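Source file: input-v5.cif; contents: mmCIF, C-alpha atoms.
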```cif
data_model
loop_
_atom_site.label_atom_id
_atom_site.label_comp_id
_atom_site.auth_asym_id
_atom_site.auth_seq_id
_atom_site.Cartn_x
_atom_site.Cartn_y
_atom_site.Cartn_z
CA MET U 26 -29.78 -122.34 119.95
CA ARG U 27 -30.61 -123.79 116.55
CA ASP U 28 -27.99 -125.82 114.73
CA LYS U 29 -27.85 -123.26 111.92
CA ASP U 30 -27.19 -120.42 114.34
CA LEU U 31 -24.63 -122.54 116.20
CA TYR U 32 -22.62 -123.31 113.07
CA ALA U 33 -22.88 -119.72 111.84
CA GLN U 34 -21.11 -118.65 115.04
CA ILE U 35 -18.61 -121.54 114.98
CA LEU U 36 -17.65 -120.79 111.39
CA GLY U 37 -17.87 -117.02 111.68
CA ILE U 38 -20.42 -116.85 108.86
CA LYS U 39 -21.76 -113.31 108.47
CA SER U 40 -23.89 -111.38 106.00
CA PRO U 41 -24.09 -111.65 103.03
CA TRP U 42 -23.49 -115.36 103.71
CA GLN U 43 -25.69 -117.49 105.93
CA VAL U 44 -25.97 -121.12 107.06
CA SER U 45 -28.99 -122.60 105.32
CA GLY U 46 -28.89 -126.14 106.71
CA VAL U 47 -26.95 -128.74 108.67
CA GLU U 48 -26.97 -132.49 107.91
CA LEU U 49 -25.59 -135.22 110.15
CA ALA U 50 -24.66 -138.55 108.55
CA LEU U 51 -23.95 -140.87 111.47
CA SER U 52 -23.04 -143.85 109.29
CA GLU U 53 -20.42 -141.80 107.41
CA GLY U 54 -19.25 -139.89 110.46
CA GLU U 55 -19.76 -136.54 108.74
CA VAL U 56 -21.51 -133.25 109.33
CA THR U 57 -22.37 -131.21 106.22
CA VAL U 58 -22.98 -127.49 106.66
CA HIS U 59 -24.73 -125.77 103.75
CA VAL U 60 -23.92 -122.09 103.25
CA GLU U 61 -25.62 -119.72 100.83
CA GLN U 62 -25.60 -116.05 99.94
CA GLU U 63 -28.46 -113.70 100.62
CA GLU U 64 -30.47 -112.52 97.62
CA GLY U 65 -29.59 -109.34 95.77
CA VAL U 66 -25.90 -109.33 96.64
CA GLN U 67 -23.61 -107.45 94.28
CA HIS U 68 -20.44 -109.34 93.43
CA CYS U 69 -16.99 -107.95 92.80
CA CYS U 70 -14.04 -109.23 90.82
CA PRO U 71 -11.59 -110.73 93.36
CA THR U 72 -8.64 -109.34 91.39
CA CYS U 73 -9.55 -105.68 90.83
CA GLY U 74 -12.53 -105.26 93.16
CA GLU U 75 -14.83 -103.88 90.48
CA VAL U 76 -18.54 -104.68 90.74
CA SER U 77 -19.24 -107.18 87.93
CA PRO U 78 -22.33 -108.91 86.57
CA GLY U 79 -23.00 -112.46 87.67
CA TYR U 80 -22.05 -115.27 85.30
CA ASP U 81 -22.96 -118.54 87.05
CA SER U 82 -22.12 -120.48 90.22
CA ARG U 83 -20.17 -123.61 91.04
CA LYS U 84 -20.74 -125.97 93.96
CA ARG U 85 -17.67 -126.13 96.19
CA LYS U 86 -16.73 -128.11 99.28
CA TRP U 87 -14.26 -127.36 102.07
CA ARG U 88 -13.16 -129.45 104.99
CA HIS U 89 -13.51 -127.71 108.34
CA LEU U 90 -12.45 -128.56 111.90
CA ASP U 91 -14.14 -131.70 113.20
CA THR U 92 -17.35 -131.31 115.19
CA CYS U 93 -17.50 -133.69 118.19
CA GLN U 94 -15.10 -135.99 116.31
CA TYR U 95 -17.28 -135.87 113.18
CA LYS U 96 -15.66 -134.77 109.94
CA THR U 97 -17.22 -131.42 109.04
CA ILE U 98 -17.71 -130.29 105.44
CA LEU U 99 -18.85 -126.89 104.19
CA VAL U 100 -20.84 -126.80 100.95
CA ALA U 101 -21.75 -123.67 99.01
CA ASP U 102 -22.64 -122.53 95.52
CA VAL U 103 -19.94 -119.96 94.87
CA PRO U 104 -20.83 -117.29 92.29
CA ARG U 105 -18.66 -116.45 89.33
CA VAL U 106 -18.66 -113.00 87.75
CA LYS U 107 -17.66 -111.70 84.35
CA CYS U 108 -15.15 -108.92 84.86
CA LYS U 109 -14.48 -106.57 81.96
CA GLU U 110 -10.74 -106.80 82.55
CA HIS U 111 -10.20 -110.29 83.99
CA GLY U 112 -12.97 -112.31 82.36
CA VAL U 113 -14.91 -115.01 84.22
CA VAL U 114 -13.58 -115.36 87.77
CA THR U 115 -14.81 -116.94 91.00
CA VAL U 116 -15.66 -114.56 93.84
CA SER U 117 -13.83 -114.87 97.13
CA VAL U 118 -15.35 -116.55 100.17
CA PRO U 119 -14.48 -115.34 103.70
CA TRP U 120 -13.75 -118.78 105.16
CA ALA U 121 -11.13 -120.09 102.71
CA GLU U 122 -8.46 -119.00 100.28
CA PRO U 123 -8.94 -119.33 96.51
CA GLY U 124 -8.08 -122.81 95.24
CA SER U 125 -8.13 -124.40 98.69
CA GLY U 126 -10.36 -127.31 99.68
CA PHE U 127 -9.99 -126.46 103.37
CA THR U 128 -11.25 -123.63 105.57
CA ALA U 129 -8.75 -121.14 106.93
CA MET U 130 -9.32 -122.48 110.46
CA PHE U 131 -8.56 -126.04 109.34
CA GLU U 132 -5.38 -124.96 107.57
CA ALA U 133 -4.28 -123.07 110.70
CA LEU U 134 -4.68 -126.27 112.74
CA VAL U 135 -2.60 -128.26 110.24
CA ILE U 136 0.18 -125.64 110.36
CA ASP U 137 0.17 -125.80 114.17
CA TRP U 138 0.50 -129.59 114.04
CA LEU U 139 3.34 -129.36 111.52
CA LYS U 140 5.29 -127.28 114.04
CA GLU U 141 5.12 -130.20 116.47
CA ALA U 142 5.19 -133.33 114.28
CA SER U 143 6.44 -134.67 110.95
CA THR U 144 4.50 -134.47 107.72
CA ALA U 145 3.93 -138.24 107.86
CA ALA U 146 2.50 -137.99 111.38
CA VAL U 147 0.20 -135.11 110.46
CA SER U 148 -0.90 -136.99 107.35
CA ARG U 149 -1.96 -139.98 109.45
CA LEU U 150 -3.54 -137.89 112.19
CA MET U 151 -5.56 -135.61 109.91
CA GLY U 152 -6.25 -138.11 107.15
CA LEU U 153 -4.59 -135.88 104.54
CA SER U 154 -2.46 -136.70 101.52
CA TRP U 155 1.06 -135.33 101.28
CA ASN U 156 -0.06 -133.16 98.33
CA ALA U 157 -2.84 -131.66 100.43
CA ILE U 158 -0.39 -130.86 103.24
CA ASP U 159 2.08 -129.38 100.75
CA GLY U 160 -0.65 -127.10 99.38
CA ILE U 161 -1.48 -125.92 102.89
CA MET U 162 2.19 -125.20 103.59
CA GLN U 163 2.64 -123.34 100.30
CA ARG U 164 -0.34 -121.09 101.04
CA ALA U 165 1.00 -120.41 104.54
CA VAL U 166 4.38 -119.40 103.09
CA LYS U 167 2.67 -117.15 100.56
CA ARG U 168 0.70 -115.44 103.32
CA GLY U 169 3.87 -114.94 105.34
CA LEU U 170 5.74 -113.45 102.40
CA SER U 171 2.88 -111.07 101.62
CA ARG U 172 3.00 -109.77 105.22
CA ARG U 173 6.76 -109.38 105.31
CA GLU U 174 8.02 -105.83 105.24
CA GLU U 175 9.99 -104.52 102.30
CA LEU U 176 13.43 -106.09 102.29
CA SER U 177 16.16 -103.70 103.39
CA MET U 178 19.11 -105.96 104.24
CA THR U 179 22.69 -104.98 103.38
CA GLN U 180 24.45 -108.25 104.25
CA ILE U 181 23.24 -111.77 103.55
CA GLY U 182 24.66 -115.10 104.59
CA VAL U 183 24.58 -118.09 102.25
CA ASP U 184 25.04 -121.58 103.63
CA GLU U 185 24.22 -125.15 102.72
CA THR U 186 23.11 -127.99 104.94
CA ALA U 187 22.17 -131.64 104.55
CA PHE U 188 18.47 -132.38 104.84
CA LYS U 189 17.40 -135.01 107.39
CA LYS U 190 20.97 -136.36 107.75
CA ARG U 191 21.11 -137.49 104.13
CA HIS U 192 23.06 -136.23 101.14
CA ASP U 193 20.17 -134.05 99.99
CA TYR U 194 21.34 -130.47 100.39
CA VAL U 195 19.42 -127.20 100.63
CA THR U 196 20.65 -123.62 100.29
CA ILE U 197 19.78 -121.23 103.10
CA VAL U 198 19.97 -117.46 102.65
CA SER U 199 19.66 -115.30 105.78
CA ASP U 200 19.69 -111.64 106.71
CA GLN U 201 22.85 -111.27 108.80
CA GLU U 202 21.63 -108.17 110.62
CA ALA U 203 18.08 -109.27 111.42
CA GLY U 204 18.94 -112.95 111.90
CA THR U 205 16.02 -114.13 109.75
CA VAL U 206 15.84 -116.72 106.99
CA LEU U 207 15.06 -115.16 103.61
CA PHE U 208 15.15 -118.15 101.28
CA VAL U 209 15.53 -121.93 101.28
CA GLY U 210 16.56 -123.49 97.96
CA GLU U 211 15.97 -127.11 97.06
CA ASP U 212 19.61 -127.75 96.13
CA ARG U 213 23.04 -126.10 96.38
CA LYS U 214 23.52 -125.00 92.79
CA LYS U 215 24.63 -121.52 91.79
CA ALA U 216 21.65 -121.27 89.44
CA THR U 217 19.25 -121.62 92.37
CA LEU U 218 20.92 -118.80 94.30
CA LYS U 219 21.15 -116.65 91.18
CA ALA U 220 17.42 -117.08 90.45
CA TRP U 221 16.55 -115.95 93.98
CA TYR U 222 18.90 -112.97 93.80
CA GLU U 223 17.45 -111.85 90.49
CA SER U 224 13.94 -112.11 91.93
CA LEU U 225 14.83 -109.24 94.28
CA THR U 226 14.81 -106.71 91.43
CA GLY U 227 12.59 -103.83 92.39
CA ARG U 228 12.15 -105.06 95.97
CA VAL U 229 15.46 -104.24 97.59
CA ASP U 230 18.62 -102.22 97.09
CA GLN U 231 20.95 -104.44 95.07
CA GLY U 232 24.05 -103.23 96.93
CA ILE U 233 24.14 -106.41 99.02
CA LEU U 234 27.32 -108.02 100.28
CA PRO U 235 27.01 -111.85 100.34
CA LEU U 236 28.82 -113.59 103.20
CA GLY U 237 29.87 -117.19 103.50
CA LEU U 238 29.22 -118.18 99.88
CA SER U 239 30.41 -121.73 99.30
CA GLN U 240 32.98 -122.20 96.55
CA ASN U 241 31.95 -125.76 95.54
CA ARG U 242 28.59 -124.94 93.99
CA THR U 243 27.85 -126.39 90.59
#
```

Could you render the structure from this file as C-alpha coordinates?
Amino acid sequence: MRDKDLYAQILGIKSPWQVSGVELALSEGEVTVHVEQEEGVQHCCPTCGEVSPGYDSRKRKWRHLDTCQYKTILVADVPRVKCKEHGVVTVSVPWAEPGSGFTAMFEALVIDWLKEASTAAVSRLMGLSWNAIDGIMQRAVKRGLSRREELSMTQIGVDETAFKKRHDYVTIVSDQEAGTVLFVGEDRKKATLKAWYESLTGRVDQGILPLGLSQNRT
(Lines of atoms letter the chains of each structure in order from A and count residues from 1; the text may use other names and numbers.)
(Lines give C-alpha, C1' and ligand atoms only; values in the text may rest on other atoms or scores of the structure.)
Protein backbone atom coordinates (compact mmCIF):
# COMPACT_ATOMS: atom_id res chain seq x y z
CA MET A 1 0.00 0.00 0.00
CA ARG A 2 1.31 3.43 -0.92
CA ASP A 3 1.90 5.96 1.83
CA LYS A 4 -0.76 8.27 0.39
CA ASP A 5 -3.37 5.52 0.42
CA LEU A 6 -2.30 4.48 3.92
CA TYR A 7 -2.72 7.96 5.36
CA ALA A 8 -6.00 8.48 3.51
CA GLN A 9 -7.37 5.45 5.37
CA ILE A 10 -5.78 6.41 8.71
CA LEU A 11 -7.20 9.91 8.53
CA GLY A 12 -10.51 8.93 6.96
CA ILE A 13 -9.91 11.25 4.00
CA LYS A 14 -12.62 10.80 1.37
CA SER A 15 -13.76 12.54 -1.81
CA PRO A 16 -13.73 15.44 -2.51
CA TRP A 17 -10.53 15.53 -0.41
CA GLN A 18 -7.48 13.40 -1.12
CA VAL A 19 -3.96 12.90 0.24
CA SER A 20 -1.56 14.40 -2.28
CA GLY A 21 1.75 13.68 -0.55
CA VAL A 22 3.52 12.53 2.60
CA GLU A 23 6.86 13.93 3.85
CA LEU A 24 9.00 12.45 6.60
CA ALA A 25 11.49 14.74 8.36
CA LEU A 26 13.60 12.41 10.49
CA SER A 27 15.72 15.19 12.00
CA GLU A 28 12.60 17.06 13.17
CA GLY A 29 10.70 13.94 14.14
CA GLU A 30 7.69 14.94 12.05
CA VAL A 31 5.47 13.52 9.35
CA THR A 32 3.66 16.05 7.15
CA VAL A 33 0.57 14.88 5.27
CA HIS A 34 -0.57 17.13 2.43
CA VAL A 35 -4.29 17.09 1.65
CA GLU A 36 -6.00 18.76 -1.29
CA GLN A 37 -9.43 18.99 -2.86
CA GLU A 38 -10.34 17.47 -6.17
CA GLU A 39 -10.88 19.87 -9.06
CA GLY A 40 -14.32 21.25 -9.87
CA VAL A 41 -15.74 20.96 -6.37
CA GLN A 42 -18.62 23.28 -5.52
CA HIS A 43 -18.28 24.93 -2.13
CA CYS A 44 -21.00 25.82 0.32
CA CYS A 45 -21.24 28.43 3.04
CA PRO A 46 -20.62 26.60 6.35
CA THR A 47 -23.28 28.72 8.07
CA CYS A 48 -26.28 28.48 5.74
CA GLY A 49 -25.22 25.68 3.39
CA GLU A 50 -25.80 27.69 0.22
CA VAL A 51 -23.55 27.01 -2.75
CA SER A 52 -21.28 30.08 -3.03
CA PRO A 53 -18.59 31.23 -5.44
CA GLY A 54 -14.98 30.69 -4.46
CA TYR A 55 -13.05 33.63 -3.04
CA ASP A 56 -9.53 32.36 -2.25
CA SER A 57 -7.80 29.75 -0.09
CA ARG A 58 -5.66 29.81 3.03
CA LYS A 59 -3.00 27.30 4.03
CA ARG A 60 -3.88 25.63 7.33
CA LYS A 61 -2.15 23.12 9.58
CA TRP A 62 -3.56 20.66 12.11
CA ARG A 63 -1.81 18.35 14.51
CA HIS A 64 -2.91 14.73 14.24
CA LEU A 65 -2.21 11.59 16.27
CA ASP A 66 1.45 10.62 16.22
CA THR A 67 2.61 8.12 13.59
CA CYS A 68 5.13 5.60 15.00
CA GLN A 69 6.06 8.20 17.64
CA TYR A 70 6.52 10.89 14.97
CA LYS A 71 4.53 14.09 15.32
CA THR A 72 2.04 14.14 12.46
CA ILE A 73 0.85 17.37 10.83
CA LEU A 74 -1.90 17.81 8.24
CA VAL A 75 -1.50 20.63 5.74
CA ALA A 76 -4.16 21.83 3.32
CA ASP A 77 -5.19 24.89 1.34
CA VAL A 78 -8.69 25.48 2.66
CA PRO A 79 -11.01 27.38 0.30
CA ARG A 80 -12.96 30.44 1.31
CA VAL A 81 -16.24 31.37 -0.33
CA LYS A 82 -18.17 34.60 -0.64
CA CYS A 83 -21.67 34.00 0.67
CA LYS A 84 -24.36 36.50 -0.24
CA GLU A 85 -25.62 36.54 3.35
CA HIS A 86 -22.52 35.85 5.46
CA GLY A 87 -19.73 37.36 3.39
CA VAL A 88 -16.30 35.73 3.07
CA VAL A 89 -16.17 32.55 5.14
CA THR A 90 -13.91 29.50 5.32
CA VAL A 91 -15.43 26.18 4.24
CA SER A 92 -15.57 23.32 6.71
CA VAL A 93 -13.12 20.42 6.62
CA PRO A 94 -14.22 16.91 7.69
CA TRP A 95 -11.24 16.21 9.96
CA ALA A 96 -11.36 19.23 12.30
CA GLU A 97 -13.69 21.81 13.78
CA PRO A 98 -13.57 25.46 12.67
CA GLY A 99 -10.89 27.44 14.50
CA SER A 100 -9.07 24.36 15.79
CA GLY A 101 -5.43 23.57 15.09
CA PHE A 102 -5.98 19.89 15.89
CA THR A 103 -7.81 17.06 14.14
CA ALA A 104 -10.95 15.68 15.74
CA MET A 105 -9.15 12.40 16.48
CA PHE A 106 -6.34 14.22 18.27
CA GLU A 107 -8.79 16.25 20.36
CA ALA A 108 -10.64 13.04 21.29
CA LEU A 109 -7.37 11.56 22.58
CA VAL A 110 -6.66 14.66 24.68
CA ILE A 111 -10.16 14.51 26.21
CA ASP A 112 -9.62 10.83 27.06
CA TRP A 113 -6.33 11.68 28.77
CA LEU A 114 -7.95 14.52 30.71
CA LYS A 115 -10.37 12.01 32.21
CA GLU A 116 -7.40 10.13 33.68
CA ALA A 117 -4.81 12.83 34.47
CA SER A 118 -4.44 16.48 35.40
CA THR A 119 -4.15 19.30 32.89
CA ALA A 120 -0.49 19.74 33.85
CA ALA A 121 0.22 16.05 33.21
CA VAL A 122 -1.55 16.09 29.85
CA SER A 123 0.29 19.27 28.92
CA ARG A 124 3.65 17.59 29.54
CA LEU A 125 2.67 14.32 27.90
CA MET A 126 1.19 15.82 24.73
CA GLY A 127 3.46 18.84 24.47
CA LEU A 128 0.50 21.24 24.57
CA SER A 129 0.07 24.65 26.16
CA TRP A 130 -2.63 25.18 28.76
CA ASN A 131 -4.43 27.50 26.31
CA ALA A 132 -4.46 24.76 23.68
CA ILE A 133 -5.90 22.27 26.18
CA ASP A 134 -8.50 24.80 27.31
CA GLY A 135 -9.60 25.31 23.70
CA ILE A 136 -9.98 21.56 23.24
CA MET A 137 -12.05 21.32 26.43
CA GLN A 138 -14.26 24.26 25.43
CA ARG A 139 -15.01 22.69 22.05
CA ALA A 140 -15.82 19.37 23.73
CA VAL A 141 -18.26 21.12 26.09
CA LYS A 142 -19.86 22.92 23.16
CA ARG A 143 -20.34 19.63 21.32
CA GLY A 144 -21.88 18.07 24.40
CA LEU A 145 -24.29 20.95 24.90
CA SER A 146 -25.36 20.85 21.26
CA ARG A 147 -26.23 17.14 21.63
CA ARG A 148 -28.10 17.56 24.89
CA GLU A 149 -31.85 17.19 24.67
CA GLU A 150 -34.13 20.13 25.32
CA LEU A 151 -34.10 20.94 29.01
CA SER A 152 -37.27 19.87 30.80
CA MET A 153 -36.33 19.89 34.49
CA THR A 154 -38.77 21.11 37.16
CA GLN A 155 -36.43 21.10 40.17
CA ILE A 156 -32.81 22.22 40.27
CA GLY A 157 -30.25 22.02 43.04
CA VAL A 158 -27.75 24.80 43.61
CA ASP A 159 -24.63 24.16 45.64
CA GLU A 160 -21.14 25.54 46.06
CA THR A 161 -17.88 23.71 46.61
CA ALA A 162 -14.23 24.59 47.07
CA PHE A 163 -12.02 23.87 44.08
CA LYS A 164 -8.95 21.69 44.65
CA LYS A 165 -9.14 22.12 48.46
CA ARG A 166 -8.53 25.87 48.24
CA HIS A 167 -10.76 28.85 48.89
CA ASP A 168 -11.69 29.15 45.22
CA TYR A 169 -15.37 28.30 44.99
CA VAL A 170 -17.54 27.20 42.08
CA THR A 171 -21.32 27.09 41.75
CA ILE A 172 -22.86 23.80 40.65
CA VAL A 173 -26.41 23.59 39.30
CA SER A 174 -27.92 20.13 38.86
CA ASP A 175 -31.16 18.58 37.69
CA GLN A 176 -32.58 16.97 40.84
CA GLU A 177 -34.71 14.47 38.95
CA ALA A 178 -32.19 13.34 36.33
CA GLY A 179 -29.15 13.65 38.61
CA THR A 180 -27.11 15.50 35.97
CA VAL A 181 -24.96 18.62 36.21
CA LEU A 182 -26.40 21.51 34.20
CA PHE A 183 -23.96 24.32 34.93
CA VAL A 184 -20.67 25.04 36.71
CA GLY A 185 -20.02 28.70 37.53
CA GLU A 186 -16.57 30.13 38.18
CA ASP A 187 -17.57 31.70 41.51
CA ARG A 188 -20.44 31.69 44.02
CA LYS A 189 -21.99 35.07 43.28
CA LYS A 190 -25.71 35.59 42.74
CA ALA A 191 -24.95 37.38 39.47
CA THR A 192 -23.37 34.22 38.06
CA LEU A 193 -26.41 32.10 38.90
CA LYS A 194 -28.77 34.79 37.63
CA ALA A 195 -26.94 35.00 34.28
CA TRP A 196 -27.25 31.24 33.81
CA TYR A 197 -30.93 31.25 34.76
CA GLU A 198 -31.70 34.05 32.33
CA SER A 199 -29.89 32.15 29.57
CA LEU A 200 -32.62 29.49 29.78
CA THR A 201 -35.19 31.82 28.20
CA GLY A 202 -36.81 30.04 25.31
CA ARG A 203 -35.16 26.70 26.14
CA VAL A 204 -37.09 25.50 29.15
CA ASP A 205 -40.25 26.11 31.12
CA GLN A 206 -39.39 28.82 33.63
CA GLY A 207 -41.56 27.27 36.36
CA ILE A 208 -38.50 25.82 38.09
CA LEU A 209 -38.20 25.36 41.83
CA PRO A 210 -34.59 25.93 43.02
CA LEU A 211 -33.46 23.74 45.91
CA GLY A 212 -30.58 24.24 48.29
CA LEU A 213 -29.79 27.83 47.32
CA SER A 214 -27.11 29.22 49.61
CA GLN A 215 -28.00 32.37 51.53
CA ASN A 216 -24.45 33.81 51.74
CA ARG A 217 -23.99 34.66 48.07
CA THR A 218 -22.71 38.11 47.24

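For the pair CA of Lys96 (chain U) and CA of Ser117 (chain U), the separation is 23.7 Å.
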
remark   = CA of Gln34 (chain U) to CA of Glu64 (chain U) measures 20.7 Å

Report as an mmCIF file with C-alpha atoms, in the coordinates of the input the full result of the PyMOL selection byres ((chain U and resi 76) around 12) when it is applied to this structure.
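That gives us expr.cif:
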```
data_model
loop_
_atom_site.group_PDB
_atom_site.id
_atom_site.type_symbol
_atom_site.label_atom_id
_atom_site.label_comp_id
_atom_site.auth_asym_id
_atom_site.auth_seq_id
_atom_site.Cartn_x
_atom_site.Cartn_y
_atom_site.Cartn_z
ATOM 1 C CA VAL U 66 -25.900 -109.330 96.640
ATOM 2 C CA GLN U 67 -23.610 -107.450 94.280
ATOM 3 C CA HIS U 68 -20.440 -109.340 93.430
ATOM 4 C CA CYS U 69 -16.990 -107.950 92.800
ATOM 5 C CA CYS U 70 -14.040 -109.230 90.820
ATOM 6 C CA PRO U 71 -11.590 -110.730 93.360
ATOM 7 C CA THR U 72 -8.640 -109.340 91.390
ATOM 8 C CA CYS U 73 -9.550 -105.680 90.830
ATOM 9 C CA GLY U 74 -12.530 -105.260 93.160
ATOM 10 C CA GLU U 75 -14.830 -103.880 90.480
ATOM 11 C CA SER U 77 -19.240 -107.180 87.930
ATOM 12 C CA PRO U 78 -22.330 -108.910 86.570
ATOM 13 C CA GLY U 79 -23.000 -112.460 87.670
ATOM 14 C CA ARG U 105 -18.660 -116.450 89.330
ATOM 15 C CA VAL U 106 -18.660 -113.000 87.750
ATOM 16 C CA LYS U 107 -17.660 -111.700 84.350
ATOM 17 C CA CYS U 108 -15.150 -108.920 84.860
ATOM 18 C CA LYS U 109 -14.480 -106.570 81.960
ATOM 19 C CA GLU U 110 -10.740 -106.800 82.550
ATOM 20 C CA VAL U 116 -15.660 -114.560 93.840
#
```

Could you state which residues are captured by the PyMOL selection byres ((chain U and resi 32) around 12) in this file, as a PDB file with C-alpha atoms, keeping the file's coordinate frame?
```
ATOM      1  CA  MET U  26     -29.780-122.340 119.950  1.00  0.00           C
ATOM      2  CA  ARG U  27     -30.610-123.790 116.550  1.00  0.00           C
ATOM      3  CA  ASP U  28     -27.990-125.820 114.730  1.00  0.00           C
ATOM      4  CA  LYS U  29     -27.850-123.260 111.920  1.00  0.00           C
ATOM      5  CA  ASP U  30     -27.190-120.420 114.340  1.00  0.00           C
ATOM      6  CA  LEU U  31     -24.630-122.540 116.200  1.00  0.00           C
ATOM      7  CA  ALA U  33     -22.880-119.720 111.840  1.00  0.00           C
ATOM      8  CA  GLN U  34     -21.110-118.650 115.040  1.00  0.00           C
ATOM      9  CA  ILE U  35     -18.610-121.540 114.980  1.00  0.00           C
ATOM     10  CA  LEU U  36     -17.650-120.790 111.390  1.00  0.00           C
ATOM     11  CA  GLY U  37     -17.870-117.020 111.680  1.00  0.00           C
ATOM     12  CA  ILE U  38     -20.420-116.850 108.860  1.00  0.00           C
ATOM     13  CA  LYS U  39     -21.760-113.310 108.470  1.00  0.00           C
ATOM     14  CA  GLN U  43     -25.690-117.490 105.930  1.00  0.00           C
ATOM     15  CA  VAL U  44     -25.970-121.120 107.060  1.00  0.00           C
ATOM     16  CA  SER U  45     -28.990-122.600 105.320  1.00  0.00           C
ATOM     17  CA  GLY U  46     -28.890-126.140 106.710  1.00  0.00           C
ATOM     18  CA  VAL U  47     -26.950-128.740 108.670  1.00  0.00           C
ATOM     19  CA  GLU U  48     -26.970-132.490 107.910  1.00  0.00           C
ATOM     20  CA  VAL U  56     -21.510-133.250 109.330  1.00  0.00           C
ATOM     21  CA  THR U  57     -22.370-131.210 106.220  1.00  0.00           C
ATOM     22  CA  VAL U  58     -22.980-127.490 106.660  1.00  0.00           C
ATOM     23  CA  HIS U  59     -24.730-125.770 103.750  1.00  0.00           C
ATOM     24  CA  VAL U  60     -23.920-122.090 103.250  1.00  0.00           C
ATOM     25  CA  HIS U  89     -13.510-127.710 108.340  1.00  0.00           C
ATOM     26  CA  LEU U  90     -12.450-128.560 111.900  1.00  0.00           C
ATOM     27  CA  ASP U  91     -14.140-131.700 113.200  1.00  0.00           C
ATOM     28  CA  THR U  92     -17.350-131.310 115.190  1.00  0.00           C
ATOM     29  CA  THR U  97     -17.220-131.420 109.040  1.00  0.00           C
ATOM     30  CA  ILE U  98     -17.710-130.290 105.440  1.00  0.00           C
ATOM     31  CA  LEU U  99     -18.850-126.890 104.190  1.00  0.00           C
TER      32      LEU U  99
END
```

Could you work out an axis-aligned box for region 85-104 of chain U, taking every atom the file lists and adding 5 Å on each side, and report centre and edge lengths in Å to one decimal, as lines of an AutoDock Vina configuration file?
```
center_x = -17.5
center_y = -126.6
center_z = 105.2
size_x = 20.2
size_y = 28.7
size_z = 35.9
```

task = Just give me the gap between CA of Gln180 (chain U) and CA of Asp212 (chain U) in Å, one decimal is fine.
result = 21.7 Å

key: Residues near Met151 (chain U), cut-off 12 Å, only C-alpha atoms, skip fewer than 3 positions along chain, as JSON, numbers by chain   = {"U": [88, 89, 90, 91, 94, 96, 131, 132, 134, 135, 136, 138, 139, 142, 144, 145, 146, 147, 148, 154, 155, 157, 158]}
